[in-house]
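Visitor: One structure follows; several queries about it will come next.
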Amino acid sequence: DQDQDVRVLLNGELGERKQSDRVHLDLQGSVNGIPLAGRGEIGPKTALLSGNDVALDLAVDWGGLSIVGRGTIGELASLSRPDIQLSARAPSSRALLDMLGMPEVRDGPLVIEGRISDGAPGWAIDASGNLEEFDFGLSGRVGRPLLLDDLDLQLRLDGPSIADLGAMAELHGLPELAYAISAGVERAGSRLVVRDGQLRVGEATVTLDGSLPNFPDIDDWQAQLHARGFNLSVLAGLLDAGELPAVPYDIRATLASNEQGVELFDVTVTGEGSTLRLDGIIGEAPDYLGTRFQARISGPDMSAVGRSLGFPNLPPEDFELTGNLTLRGDDWQASDVHFDSHDLQLTVDGTVDRLLAPQQVSAELTVASPDLARTLAAYGIEREE
């Protein structure tokens, strides 16, 4: 959390021991009101004077979290050529999550083991750990460690509940399903690249490759996403959609930018004879006003799609729905919307407050049907005389 306050109070002393060629460190203080204590030795003194091949043996205790580091640093001024073993353990991760500004999630014992070695240039990192039933790993290289830049890392994270993982990012409504995440991440200046990203949730697999040249902005982005066996119903709670079809879908999405710097997207969702295609542009952050796209939905059972869109009384018939949608202020403007089924044809122009399960709809409709009264009754609509 970039707005999270971290309050640090420290005092301590450096001293020499007669029987040791090293400098002794004793540190006391607090971080966010939680007591902190550090102790250890660095040296030898000749290495400290030259700044080369400095050995260290340090330990820090904070809020039940114990961190131990032992090893050497080849060049102290630049923190280069390290060879350090690190260990972190705690009976609870609550204090650490509070400092990071993360909300209450499943807590438990925290264990991390790792090594930082010479990456020539920079650092090579290899670490792994677990928080109760959550396992994670990090390996790769940090070319400019003092700036956290020139990164080439491999990440791994898996656990018993993606709902708990989502809660850490304040994404609520995800299901209690086991997950596994892995990805390669590169960063050089403002350029961020994700390669061979993979997410497995239940029976679904999602792969992602992409780049953001001006991270965190999406200008000039490029990405390819493919989801196999993805059950959209698992997103119903997150999207507050009420109900989404509980069938496995194949999802393909392409994100790109044209020569004018406009961000484009093209998404196709298929499953059990139904197809959804979205093709359009994304407006400027942070409000994304001007986002617009063309939508086409078709399938053998409009009742399932109708429940997702907030219309629970549609009959189970073949249908096709096409239209254009544009984000204007707080509402979406729908234009040239055409609905076609066996007994009913609609043309719609208007606005909705949200795309899934809308609460406010204002629209002009043109209706055509060979027997309008019977058709409306099949759709659960009573016609007023």
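So you can find residues: chains in the structure tokens are A, B, ... in the order shown, residues in each start at 1, and ligands are numbered from 1 in order.
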Hey, could you make a per-residue contact list for range 231-326 of chain A against range 195-203 of chain A with 10 Å as the cut-off, showing the nearest pair of atoms and its distance in Å to one decimal, counting only C-alpha atoms, sorted by chain and number, as CSV?

Guide:
residue,atom,partner,partner_atom,distance
A:Asn231,CA,A:Glu203,CA,8.5
A:Val234,CA,A:Val201,CA,9.7
A:Pro248,CA,A:Glu203,CA,8.9

Visitor: Keeping only C-alpha atoms, write the selected residues as a PDB file, in the first residue's frame.

Guide:
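Output saved as result-v2.pdb:
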ATOM      1  CA  ASN A 231     -15.896 -21.579 -15.139  1.00  0.00           C
ATOM      2  CA  VAL A 234     -16.434 -18.454  -9.914  1.00  0.00           C
ATOM      3  CA  PRO A 248     -16.253 -24.324 -18.606  1.00  0.00           C
TER       4      PRO A 248
END

Visitor: If you run DSSP over the backbone, which residues in range 113-191 of chain A end up helix (DSSP H, G or I)? Put them as a ChimeraX atom specification.

Guide: /A:145-147,162-168

Visitor: Could you write out the selected residues, including C-alpha atoms, as a PDB file, in the first residue's frame?

Guide:
ATOM      1  CA  PRO A 145      19.666  -3.934  -6.135  1.00  0.00           C
ATOM      2  CA  LEU A 146      19.966  -0.460  -4.593  1.00  0.00           C
ATOM      3  CA  LEU A 147      17.312   0.784  -7.067  1.00  0.00           C
ATOM      4  CA  ILE A 162      -7.797 -18.003  -3.845  1.00  0.00           C
ATOM      5  CA  ALA A 163     -10.429 -16.193  -1.759  1.00  0.00           C
ATOM      6  CA  ASP A 164      -7.775 -15.517   0.899  1.00  0.00           C
ATOM      7  CA  LEU A 165      -5.287 -14.377  -1.739  1.00  0.00           C
ATOM      8  CA  GLY A 166      -7.855 -12.002  -3.202  1.00  0.00           C
ATOM      9  CA  ALA A 167      -8.629 -10.591   0.245  1.00  0.00           C
ATOM     10  CA  MET A 168      -4.969  -9.504   0.544  1.00  0.00           C
TER      11      MET A 168
END

Visitor: Excluding Leu232 in chain A and its own-chain neighbours fewer than 2 positions away, which residues fall within 8 Å of it when counting only C-alpha atoms? Please give them as a list in words.

Guide: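 Result of the neighbour search: Phe230, Val234, Leu235, Ala236, Leu244, Pro245, Ala246, Val247, Pro248 and Tyr249 of chain A.
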
Visitor: Closest to Thr347 in chain A among A:Asp158, A:Asp279, A:Glu364, A:Asp61, using only C-alpha atoms?

Guide: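 Smallest separation from Thr347 in chain A among the options: A:Glu364.
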
Visitor: Provide the CA of Gly129 in chain A to CA of Gln28 in chain A distance in Å, to one decimal place.

Guide: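 Distance reported for this atom pair: 27.2 Å.
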
Visitor: Mind checking which residues fall within 10 Å of Ala368 in chain A, counting only C-alpha atoms, ignoring those fewer than 3 positions away in the same chain, and posting them as a PDB file with all heavy atoms, in the first residue's frame?

Guide:
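Saved result, out_29.pdb, follows:
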ATOM      1  N   ASP A 340     -32.121 -10.737 -31.505  1.00  0.00           N
ATOM      2  CA  ASP A 340     -32.893 -11.540 -32.460  1.00  0.00           C
ATOM      3  C   ASP A 340     -33.043 -12.954 -31.919  1.00  0.00           C
ATOM      4  O   ASP A 340     -32.052 -13.626 -31.607  1.00  0.00           O
ATOM      5  CB  ASP A 340     -32.155 -11.568 -33.806  1.00  0.00           C
ATOM      6  CG  ASP A 340     -33.009 -12.180 -34.917  1.00  0.00           C
ATOM      7  OD1 ASP A 340     -34.190 -12.487 -34.654  1.00  0.00           O
ATOM      8  OD2 ASP A 340     -32.482 -12.350 -36.023  1.00  0.00           O
ATOM      9  N   ASP A 343     -38.945 -15.691 -31.956  1.00  0.00           N
ATOM     10  CA  ASP A 343     -40.237 -14.985 -31.976  1.00  0.00           C
ATOM     11  C   ASP A 343     -40.130 -13.505 -31.626  1.00  0.00           C
ATOM     12  O   ASP A 343     -41.156 -12.835 -31.516  1.00  0.00           O
ATOM     13  CB  ASP A 343     -41.205 -15.638 -30.982  1.00  0.00           C
ATOM     14  CG  ASP A 343     -41.634 -17.026 -31.424  1.00  0.00           C
ATOM     15  OD1 ASP A 343     -41.877 -17.213 -32.623  1.00  0.00           O
ATOM     16  OD2 ASP A 343     -41.702 -17.917 -30.554  1.00  0.00           O
ATOM     17  N   LEU A 344     -38.906 -13.000 -31.437  1.00  0.00           N
ATOM     18  CA  LEU A 344     -38.798 -11.618 -30.973  1.00  0.00           C
ATOM     19  C   LEU A 344     -37.562 -10.955 -31.560  1.00  0.00           C
ATOM     20  O   LEU A 344     -36.477 -11.539 -31.569  1.00  0.00           O
ATOM     21  CB  LEU A 344     -38.721 -11.580 -29.441  1.00  0.00           C
ATOM     22  CG  LEU A 344     -38.630 -10.194 -28.786  1.00  0.00           C
ATOM     23  CD1 LEU A 344     -39.911  -9.396 -29.047  1.00  0.00           C
ATOM     24  CD2 LEU A 344     -38.370 -10.329 -27.295  1.00  0.00           C
ATOM     25  N   GLN A 345     -37.768  -9.720 -32.048  1.00  0.00           N
ATOM     26  CA  GLN A 345     -36.661  -8.888 -32.508  1.00  0.00           C
ATOM     27  C   GLN A 345     -36.754  -7.539 -31.799  1.00  0.00           C
ATOM     28  O   GLN A 345     -37.840  -6.933 -31.752  1.00  0.00           O
ATOM     29  CB  GLN A 345     -36.708  -8.668 -34.028  1.00  0.00           C
ATOM     30  CG  GLN A 345     -36.430  -9.920 -34.861  1.00  0.00           C
ATOM     31  CD  GLN A 345     -37.617 -10.867 -34.905  1.00  0.00           C
ATOM     32  OE1 GLN A 345     -38.764 -10.429 -35.114  1.00  0.00           O
ATOM     33  NE2 GLN A 345     -37.371 -12.157 -34.702  1.00  0.00           N
ATOM     34  N   LEU A 346     -35.622  -7.100 -31.246  1.00  0.00           N
ATOM     35  CA  LEU A 346     -35.584  -5.838 -30.517  1.00  0.00           C
ATOM     36  C   LEU A 346     -34.464  -4.958 -31.061  1.00  0.00           C
ATOM     37  O   LEU A 346     -33.394  -5.451 -31.424  1.00  0.00           O
ATOM     38  CB  LEU A 346     -35.319  -6.058 -29.027  1.00  0.00           C
ATOM     39  CG  LEU A 346     -36.369  -6.743 -28.164  1.00  0.00           C
ATOM     40  CD1 LEU A 346     -35.827  -6.920 -26.753  1.00  0.00           C
ATOM     41  CD2 LEU A 346     -37.652  -5.926 -28.136  1.00  0.00           C
ATOM     42  N   THR A 347     -34.719  -3.643 -31.075  1.00  0.00           N
ATOM     43  CA  THR A 347     -33.672  -2.647 -31.301  1.00  0.00           C
ATOM     44  C   THR A 347     -33.687  -1.705 -30.104  1.00  0.00           C
ATOM     45  O   THR A 347     -34.756  -1.217 -29.706  1.00  0.00           O
ATOM     46  CB  THR A 347     -33.915  -1.857 -32.594  1.00  0.00           C
ATOM     47  OG1 THR A 347     -33.922  -2.765 -33.701  1.00  0.00           O
ATOM     48  CG2 THR A 347     -32.823  -0.828 -32.804  1.00  0.00           C
ATOM     49  N   LEU A 365     -37.037   1.282 -27.071  1.00  0.00           N
ATOM     50  CA  LEU A 365     -37.083  -0.035 -27.681  1.00  0.00           C
ATOM     51  C   LEU A 365     -38.005  -0.030 -28.900  1.00  0.00           C
ATOM     52  O   LEU A 365     -39.059   0.608 -28.892  1.00  0.00           O
ATOM     53  CB  LEU A 365     -37.599  -1.086 -26.689  1.00  0.00           C
ATOM     54  CG  LEU A 365     -36.681  -1.551 -25.563  1.00  0.00           C
ATOM     55  CD1 LEU A 365     -36.645  -0.517 -24.448  1.00  0.00           C
ATOM     56  CD2 LEU A 365     -37.154  -2.887 -25.024  1.00  0.00           C
ATOM     57  N   ASP A 371     -46.587 -12.564 -32.658  1.00  0.00           N
ATOM     58  CA  ASP A 371     -47.647 -12.610 -31.644  1.00  0.00           C
ATOM     59  C   ASP A 371     -47.058 -12.007 -30.372  1.00  0.00           C
ATOM     60  O   ASP A 371     -46.537 -12.704 -29.509  1.00  0.00           O
ATOM     61  CB  ASP A 371     -48.111 -14.046 -31.413  1.00  0.00           C
ATOM     62  CG  ASP A 371     -49.348 -14.110 -30.507  1.00  0.00           C
ATOM     63  OD1 ASP A 371     -49.582 -13.138 -29.748  1.00  0.00           O
ATOM     64  OD2 ASP A 371     -50.055 -15.121 -30.553  1.00  0.00           O
ATOM     65  N   LEU A 372     -47.124 -10.675 -30.276  1.00  0.00           N
ATOM     66  CA  LEU A 372     -46.409  -9.979 -29.218  1.00  0.00           C
ATOM     67  C   LEU A 372     -46.881 -10.385 -27.833  1.00  0.00           C
ATOM     68  O   LEU A 372     -46.059 -10.601 -26.932  1.00  0.00           O
ATOM     69  CB  LEU A 372     -46.564  -8.466 -29.400  1.00  0.00           C
ATOM     70  CG  LEU A 372     -45.781  -7.601 -28.405  1.00  0.00           C
ATOM     71  CD1 LEU A 372     -44.295  -7.891 -28.485  1.00  0.00           C
ATOM     72  CD2 LEU A 372     -46.057  -6.110 -28.672  1.00  0.00           C
TER      73      LEU A 372
END

Visitor: Would you return as an NGL selection string the members of range 108-356 of chain A that DSSP assigns to strand (DSSP E or B) on this structure's backbone?

Guide: :A and (110-118 or 123-131 or 134-144 or 149-159 or 179-188 or 191-201 or 204-212 or 222-231 or 248-257 or 263-271 or 274-282 or 284 or 289 or 292-299 or 319-328 or 331-341 or 345-352)

Visitor: Separation of CA of Leu225 in chain A and CA of Leu255 in chain A, in Å?

Guide: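 Separating CA of Leu225 in chain A from CA of Leu255 in chain A is a distance of 8.5 Å.
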
Visitor: Grab the CA of Ser66 in chain A to CA of Ile42 in chain A distance for me, in Å with one decimal place.

Guide: 18.5 Å

Visitor: Of the residues A:Leu314, A:Leu192, A:Ala373, A:Ala295, which is the one nearest to Val269 in chain A, using only C-alpha atoms?

Guide: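 Looking only at the distances to Val269 in chain A, the closest residue turns out to be A:Ala295.
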
Visitor: With distances taken over only C-alpha atoms, which of A:Ser128, A:His338, A:Leu325, A:Thr351 is nearest to Val367 in chain A?

Guide: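 Closest residue, counting only C-alpha atoms: A:His338.
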